[in-house]
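Q: Let me begin by handing over the structure; questions about it come next.
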Amino acid sequence: MKLEDRITHEIRARRDDLIALTQDLIRIPTLNPPGRHYREICDYLAERLLAEGFEVELIRAHDAPGDSDTYPRWNMVARREGTRPGDCVHFNSHHDVVEVGHGWTRDPFGAEIEGDRIYGRGACDMKGGLAASVIAAEALITACPDYAGAIEISATADEETGGYGGVAYLAAQGRFAPERVQHVIIPEPLHKDQICLGHRGVWWAEIETHGRIAHGSMPFLGDSAVRHMGAVLAEMEETLFPLLTTKHTAMPVIPEGARQSTLNINSIHGGEPEQDPGYTGLPAPCVPDRCRIIIDRRFLIEEQIDEVKSEVSALMERVKARRANFTYEIRDLFEVQPTMTDRDAPVVRSTAAAIAAVLGREAAYVVSPGTYDQKHIDRIGRLKNCIAYGPGVLALAHQPDEWIGITDMEDSAKVMALVLAELLGK
Ligand SMILES: [Zn+2]
């Protein structure tokens with residue numbers, strides 16, 4: 001039998017195992033925040049991969065944001081050497097899931113099966129992808145025991161809250177250094193026929209306008225920070241939002257609406273703090289002396305972050321020139337550079353060929369509107385040969401009644417195993 005046929009056979013033979021593995025992973029409720037059951041899911045995977053001949057390390061991200069003795073940030077990294085020198089292919093999945101939220105009609109941690117679907121929080125984002133990568137590696141090991149190089153599988157913490165206790169920590173330790181790992185696939189739910197090359201950039205900032213408190217019956221004795229902020233928002237509507245719609249990108253971002261610069265005003269707070277829901281009293285009459293907004297600006301590979309920031313500071317200066325007593329501060333909260341892997345990179349070419357072989361259609365190339373752990377692999381790990389590829393429908397992520405398709409997992413496991421065969425099997 002040809003290697004490709006042996007792989008197809010091995011994946012098909014593991015269908016029940018793939019389902020059971022996915023169910024087991026969903027049933028460990030690795031909720032983040034606060035970061036529950038991380039050790040349990042790492043131990044579960046470690047036991048399985050040790051039995052497959054992997055060397056396994058459990059690594060706690062000591063002192064990373066969120067790490068504590070109550071909620072330790074555990075990560076699992078497994079590596080299985082081949083029989084001869086060659087490249088290392090690394091599958092990286094995050095093991096944390098977001099809160100359950102409202103609107104479920106199923107048990108979020110029951111992993112119920114109906115038809116071709118397995119339901120549960122994290123089913124698509126991304127325990128189904130993690131399970132597919134484990135099955136792909138195991139199938140390749142059986143079908144091609146004399147593979148070259150090494151296979152690595154990691155399950156990492158905290159992707160949903162920035163990845164600092166997960167991939168960022170491991171990358172800072174050199175775990176994604178180009179001399180150790182040459183190809184990275186992140187099985188996020190981007191759909192089994194799409195290759196995600198990277199993501200847009202992010203700048204989060206807090207803008208604060210200042211005022212002066214006074215009695216609300218005599219507002220002329222004070223200075224309203226909320227009215228100042230109103231002028232800022234009006235200026236954004238007038239000049240900034242129209243400007244952003246003119247900035248288009250050559251990045252193949254999905255959905256289409258994100259193929260330009262965007263800005264979200266994440267929150268606005270001014271004046272008296274909101275009272276607890278049980279409070280039955282009235283507000284006190286005061287002129288608000290402080291107003292804050294948080295902005296979430298997503299930028300393109302064609303833009304420089306300095307330009308992005310100076311658009312906003314120029315806007316604030318325009319408002320200042322028109323308003324008496326207008327003072328403000330801008331505080332940077334968070335920034336991520338955009339990243340996009342070259343279409344000619346080896347991991348991209350191998351994955352595109354495997355998608356064509358398994359699904360009989362051309363792979364689509366996409367870029368994610370939001371960031372994921374590729375940012376750390378690129379910036380800290382200095383590794384460019386990295387993509388996101390995995391089963392699942394992105395729109396289901398973080399939704400109630402999240403599910404993963406069993407056939408989709410099986411197909412993408414085949415694709416991943418063929419990528420391993422292409423990169424390590426010769
Ligand atoms: Zn995810």
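So you can find residues: chains in the structure tokens are A, B, ... in the order shown, residues in each start at 1, and ligands are numbered from 1 in order.
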Tell me, counting only C-alpha atoms, for each residue of segment 98-203 of chain A within 8 Å of segment 417-425 of chain A, which pair of atoms is nearest and how far apart they are in Å to one decimal, in rows ordered by chain and increasing number, as a Markdown table.

A:
| residue | atom | partner | partner_atom | distance |
| --- | --- | --- | --- | --- |
| A:Ala136 | CA | A:Ala417 | CA | 4.6 |
| A:Ala137 | CA | A:Ala417 | CA | 6.3 |
| A:Ala139 | CA | A:Ala417 | CA | 6.9 |
| A:Leu140 | CA | A:Ala417 | CA | 5.7 |
| A:Cys144 | CA | A:Gly425 | CA | 6.8 |
| A:Asp146 | CA | A:Gly425 | CA | 7.6 |
| A:Tyr147 | CA | A:Gly425 | CA | 4.9 |
| A:Ala148 | CA | A:Leu424 | CA | 4.9 |
| A:Gly149 | CA | A:Leu424 | CA | 6.3 |
| A:Ala150 | CA | A:Leu424 | CA | 7.8 |

Q: With C-alpha atoms retained, could you export that selection as a compact mmCIF listing (two decimals), in the first residue's frame?

A:
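Listing of again06.txt after writing:
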# COMPACT_ATOMS: atom_id res chain seq x y z
CA ALA A 136 -2.85 12.40 13.04
CA ALA A 137 0.47 11.94 14.83
CA ALA A 139 -1.59 7.39 12.59
CA LEU A 140 1.64 8.64 11.03
CA CYS A 144 5.48 5.38 8.76
CA ASP A 146 10.83 5.24 10.26
CA TYR A 147 9.92 8.91 9.88
CA ALA A 148 12.66 11.54 10.01
CA GLY A 149 13.07 14.43 12.46
CA ALA A 150 10.59 14.79 15.28

Q: With only C-alpha atoms and all ligand atoms counted, collect every polymer residue having an atom within 9 Å of ligand 1; state the result as a compact mmCIF listing (two decimals) with N, CA and C atoms, in the first residue's frame.

A:
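Output file out-v1.txt is given in full below:
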# COMPACT_ATOMS: atom_id res chain seq x y z
N SER A 93 -1.88 23.37 20.43
CA SER A 93 -3.28 23.69 20.74
C SER A 93 -3.36 24.30 22.12
N HIS A 94 -4.27 25.24 22.29
CA HIS A 94 -4.53 25.73 23.65
C HIS A 94 -5.56 24.81 24.29
N HIS A 95 -5.40 24.55 25.57
CA HIS A 95 -6.33 23.63 26.25
C HIS A 95 -7.39 24.38 27.04
N ASP A 96 -7.30 25.71 27.14
CA ASP A 96 -8.29 26.45 27.93
C ASP A 96 -9.53 26.75 27.09
N VAL A 97 -10.64 26.94 27.78
CA VAL A 97 -11.90 27.31 27.12
C VAL A 97 -12.49 28.53 27.82
N GLY A 122 -15.69 24.42 24.11
CA GLY A 122 -14.34 24.06 23.66
C GLY A 122 -14.33 22.99 22.58
N CYS A 124 -15.24 23.07 19.42
CA CYS A 124 -14.59 23.56 18.20
C CYS A 124 -13.36 24.41 18.53
N ASP A 125 -13.38 25.14 19.62
CA ASP A 125 -12.27 26.03 19.99
C ASP A 125 -11.67 25.58 21.30
N MET A 126 -10.70 24.62 21.29
CA MET A 126 -10.24 23.91 20.13
C MET A 126 -9.85 22.49 20.46
N LYS A 127 -10.68 21.85 21.30
CA LYS A 127 -10.34 20.49 21.71
C LYS A 127 -10.52 19.49 20.58
N GLU A 159 -4.58 30.78 26.09
CA GLU A 159 -4.69 31.47 24.80
C GLU A 159 -5.82 32.47 24.84
N GLU A 160 -6.91 32.09 25.52
CA GLU A 160 -8.10 32.95 25.52
C GLU A 160 -7.86 34.25 26.29
N PRO A 187 -4.04 24.06 15.45
CA PRO A 187 -5.35 23.57 14.95
C PRO A 187 -6.56 24.35 15.46
N GLU A 188 -6.52 25.67 15.32
CA GLU A 188 -7.68 26.51 15.66
C GLU A 188 -8.78 26.24 14.62
N PRO A 189 -10.03 26.54 14.97
CA PRO A 189 -11.16 26.18 14.08
C PRO A 189 -11.30 27.13 12.89
N TYR A 372 -4.17 35.26 17.68
CA TYR A 372 -4.11 34.01 18.43
C TYR A 372 -2.63 33.75 18.70
N ASP A 373 -2.29 32.56 19.16
CA ASP A 373 -0.93 32.35 19.67
C ASP A 373 0.18 32.46 18.63
N LEU A 394 -15.45 28.61 12.67
CA LEU A 394 -14.97 29.70 13.54
C LEU A 394 -16.12 30.43 14.23
N ALA A 397 -17.21 29.40 17.75
CA ALA A 397 -16.34 29.59 18.89
C ALA A 397 -16.99 30.55 19.88
N HIS A 398 -16.92 30.20 21.15
CA HIS A 398 -17.43 31.02 22.27
C HIS A 398 -18.96 31.13 22.27

Q: For segment 132-232 of chain A versus segment 59-81 of chain A, which residues have an atom no more than 12 Å away, and what is each residue's nearest atom pair and distance in Å rounded to one decimal, using only C-alpha atoms, chain-then-number order, as CSV?

A:
residue,atom,partner,partner_atom,distance
A:Val134,CA,A:Ala78,CA,10.6
A:Ala137,CA,A:Arg80,CA,9.7
A:Glu138,CA,A:Arg80,CA,10.6
A:Leu140,CA,A:Arg80,CA,11.7
A:Ile141,CA,A:Arg80,CA,9.4
A:Pro145,CA,A:Glu81,CA,10.6
A:Asp146,CA,A:Glu81,CA,9.9
A:Tyr147,CA,A:Glu81,CA,8.6
A:Ala148,CA,A:Glu81,CA,7.8
A:Gly149,CA,A:Glu81,CA,6.1
A:Ala150,CA,A:Glu81,CA,4.3
A:Ile151,CA,A:Arg80,CA,5.3
A:Glu152,CA,A:Arg79,CA,4.3
A:Ile153,CA,A:Ala78,CA,5.2
A:Ser154,CA,A:Val77,CA,4.4
A:Ala155,CA,A:Met76,CA,5.2
A:Thr156,CA,A:Asn75,CA,4.7
A:Ala157,CA,A:Asn75,CA,5.9
A:Asp158,CA,A:Arg73,CA,7.8
A:Glu159,CA,A:Arg73,CA,11.2
A:Thr161,CA,A:Pro65,CA,9.4
A:Gly162,CA,A:Pro65,CA,9.5
A:Gly163,CA,A:Pro65,CA,9.4
A:Tyr164,CA,A:Ala64,CA,6.2
A:Gly165,CA,A:Ala64,CA,5.1
A:Gly166,CA,A:Asn75,CA,6.5
A:Val167,CA,A:Asn75,CA,8.7
A:Ala168,CA,A:Ala64,CA,9.5
A:Tyr169,CA,A:Ala61,CA,6.3
A:Leu170,CA,A:Ala61,CA,8.1
A:Ala171,CA,A:Ala61,CA,11.3
A:Ala172,CA,A:Ala61,CA,10.7
A:Gln173,CA,A:Ala61,CA,10.4
A:Arg175,CA,A:Val77,CA,9.2
A:Phe176,CA,A:Val77,CA,11.2
A:Arg180,CA,A:Arg79,CA,10.9
A:Val181,CA,A:Arg79,CA,10.5

Q: Measure the distance from atom CA of Gly370 of chain A to atom CA of Gly201 of chain A in Å and round it to one decimal.

A: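 Answer for the atom CA of Gly370 of chain A to atom CA of Gly201 of chain A separation: 7.8 Å.
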
Q: In Å, rounded to a single decimal, give me how far atom CA of Leu58 of chain A is from atom CA of Leu21 of chain A.

A: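 Rounded to one decimal, the two atoms are 19.6 Å apart.
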
Q: Once DSSP has gone over the backbone, tell me which residues of segment 107-137 of chain A are in strand (DSSP E or B), as a PyMOL selection string.

A: chain A and resi 113-114+117-119

Q: Do a neighbour search on segment 346-360 of chain A at 12 Å with only C-alpha atoms, toss out local chain neighbours closer than 6 positions, and write the hits as number ranges by chain.

A: A: 4-5, 7-8, 11, 87-91, 181-186, 191-198, 340, 366, 383-391, 407-408, 410-424

Q: Restricting the output to N, CA and C atoms, write the selected residues as a compact mmCIF listing (two decimals), in the first residue's frame.

A:
# COMPACT_ATOMS: atom_id res chain seq x y z
N GLU A 4 0.19 7.17 1.52
CA GLU A 4 -1.04 7.95 1.62
C GLU A 4 -2.24 7.05 1.96
N ASP A 5 -2.30 5.88 1.32
CA ASP A 5 -3.40 4.95 1.59
C ASP A 5 -3.29 4.36 2.99
N ILE A 7 -2.05 5.82 5.55
CA ILE A 7 -2.48 6.88 6.48
C ILE A 7 -4.01 6.97 6.51
N THR A 8 -4.62 6.98 5.35
CA THR A 8 -6.09 7.03 5.28
C THR A 8 -6.69 5.87 6.07
N ILE A 11 -6.23 6.41 9.90
CA ILE A 11 -7.14 7.43 10.46
C ILE A 11 -8.56 6.85 10.57
N ASP A 87 13.46 17.56 10.05
CA ASP A 87 12.79 18.69 10.66
C ASP A 87 11.89 18.25 11.81
N CYS A 88 11.46 19.23 12.59
CA CYS A 88 10.46 18.98 13.63
C CYS A 88 9.17 19.70 13.26
N VAL A 89 8.07 18.95 13.28
CA VAL A 89 6.74 19.53 13.07
C VAL A 89 6.03 19.58 14.42
N HIS A 90 5.55 20.76 14.77
CA HIS A 90 4.94 20.98 16.09
C HIS A 90 3.45 21.34 15.92
N PHE A 91 2.58 20.59 16.60
CA PHE A 91 1.16 20.95 16.67
C PHE A 91 0.92 21.64 18.01
N VAL A 181 12.40 23.77 16.43
CA VAL A 181 11.14 23.49 15.73
C VAL A 181 11.17 24.21 14.38
N GLN A 182 10.81 23.51 13.31
CA GLN A 182 10.86 24.14 11.98
C GLN A 182 9.48 24.45 11.39
N HIS A 183 8.46 23.72 11.82
CA HIS A 183 7.12 23.92 11.25
C HIS A 183 6.11 23.91 12.40
N VAL A 184 5.18 24.86 12.41
CA VAL A 184 4.16 24.87 13.46
C VAL A 184 2.78 24.94 12.82
N ILE A 185 1.89 24.06 13.30
CA ILE A 185 0.48 24.09 12.91
C ILE A 185 -0.34 24.27 14.18
N ILE A 186 -1.21 25.27 14.17
CA ILE A 186 -2.08 25.56 15.32
C ILE A 186 -3.50 25.16 14.91
N HIS A 191 -11.66 25.86 9.73
CA HIS A 191 -12.31 25.03 8.72
C HIS A 191 -11.30 24.16 7.97
N LYS A 192 -11.74 22.94 7.65
CA LYS A 192 -10.81 21.92 7.17
C LYS A 192 -10.24 22.20 5.78
N ASP A 193 -10.80 23.17 5.04
CA ASP A 193 -10.25 23.44 3.71
C ASP A 193 -9.57 24.80 3.64
N GLN A 194 -9.30 25.42 4.80
CA GLN A 194 -8.68 26.74 4.80
C GLN A 194 -7.36 26.75 5.57
N ILE A 195 -6.42 27.50 5.05
CA ILE A 195 -5.14 27.68 5.73
C ILE A 195 -5.08 29.13 6.21
N CYS A 196 -4.92 29.29 7.51
CA CYS A 196 -4.85 30.65 8.06
C CYS A 196 -3.39 31.06 8.20
N LEU A 197 -3.03 32.11 7.48
CA LEU A 197 -1.63 32.51 7.37
C LEU A 197 -1.19 33.44 8.51
N GLY A 198 -2.13 34.06 9.17
CA GLY A 198 -1.74 34.99 10.24
C GLY A 198 -2.91 35.81 10.70
N MET A 340 1.92 37.52 8.95
CA MET A 340 1.38 36.73 7.84
C MET A 340 2.51 35.87 7.26
N VAL A 366 -6.55 32.25 4.19
CA VAL A 366 -7.26 33.28 4.94
C VAL A 366 -6.33 33.88 6.00
N LEU A 383 9.89 32.29 14.72
CA LEU A 383 9.59 31.26 13.74
C LEU A 383 8.48 31.74 12.81
N LYS A 384 8.79 31.80 11.51
CA LYS A 384 7.84 32.35 10.54
C LYS A 384 7.01 31.25 9.87
N ASN A 385 7.52 30.04 9.91
CA ASN A 385 6.88 28.94 9.16
C ASN A 385 5.75 28.35 10.01
N CYS A 386 4.67 29.12 10.17
CA CYS A 386 3.61 28.79 11.13
C CYS A 386 2.25 29.14 10.53
N ILE A 387 1.28 28.24 10.70
CA ILE A 387 -0.09 28.50 10.23
C ILE A 387 -1.08 28.04 11.29
N ALA A 388 -2.32 28.48 11.13
CA ALA A 388 -3.43 27.85 11.86
C ALA A 388 -4.19 27.01 10.85
N TYR A 389 -4.41 25.76 11.21
CA TYR A 389 -5.19 24.87 10.36
C TYR A 389 -5.90 23.86 11.26
N GLY A 390 -7.21 23.80 11.19
CA GLY A 390 -7.90 22.81 12.01
C GLY A 390 -9.37 22.75 11.66
N PRO A 391 -10.05 21.70 12.16
CA PRO A 391 -11.47 21.54 11.88
C PRO A 391 -12.30 22.50 12.72
N THR A 407 -16.83 14.18 11.13
CA THR A 407 -16.22 13.99 9.81
C THR A 407 -15.18 15.08 9.53
N ASP A 408 -15.48 16.29 9.96
CA ASP A 408 -14.50 17.38 9.79
C ASP A 408 -13.20 17.08 10.53
N GLU A 410 -12.09 14.11 11.31
CA GLU A 410 -11.44 12.99 10.64
C GLU A 410 -10.70 13.48 9.38
N ASP A 411 -11.37 14.32 8.60
CA ASP A 411 -10.73 14.85 7.38
C ASP A 411 -9.49 15.68 7.71
N SER A 412 -9.61 16.53 8.73
CA SER A 412 -8.45 17.37 9.02
C SER A 412 -7.33 16.55 9.65
N ALA A 413 -7.67 15.48 10.38
CA ALA A 413 -6.62 14.58 10.90
C ALA A 413 -5.86 13.94 9.72
N LYS A 414 -6.60 13.58 8.68
CA LYS A 414 -5.94 13.03 7.48
C LYS A 414 -4.99 14.07 6.87
N VAL A 415 -5.50 15.30 6.75
CA VAL A 415 -4.65 16.36 6.19
C VAL A 415 -3.38 16.53 7.04
N MET A 416 -3.55 16.57 8.35
CA MET A 416 -2.38 16.77 9.23
C MET A 416 -1.40 15.60 9.10
N ALA A 417 -1.93 14.38 9.02
CA ALA A 417 -1.04 13.21 8.89
C ALA A 417 -0.30 13.25 7.55
N LEU A 418 -0.98 13.69 6.50
CA LEU A 418 -0.30 13.80 5.20
C LEU A 418 0.76 14.89 5.21
N VAL A 419 0.51 15.95 5.95
CA VAL A 419 1.55 16.99 6.11
C VAL A 419 2.77 16.40 6.80
N LEU A 420 2.54 15.61 7.84
CA LEU A 420 3.67 14.95 8.53
C LEU A 420 4.41 14.02 7.56
N ALA A 421 3.64 13.27 6.75
CA ALA A 421 4.26 12.36 5.79
C ALA A 421 5.12 13.13 4.78
N GLU A 422 4.59 14.26 4.33
CA GLU A 422 5.30 15.07 3.34
C GLU A 422 6.59 15.67 3.93
N LEU A 423 6.49 16.16 5.17
CA LEU A 423 7.63 16.88 5.75
C LEU A 423 8.63 15.93 6.43
N LEU A 424 8.15 14.77 6.90
CA LEU A 424 9.03 13.87 7.68
C LEU A 424 9.14 12.47 7.10

Q: Which residue out of A:Val336, A:Ala123, A:Ala234, A:Leu50 has the minimum interatomic distance to Gln304 of chain A when only C-alpha atoms are used?

A: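 Selected residue with least distance to Gln304 of chain A: A:Val336.
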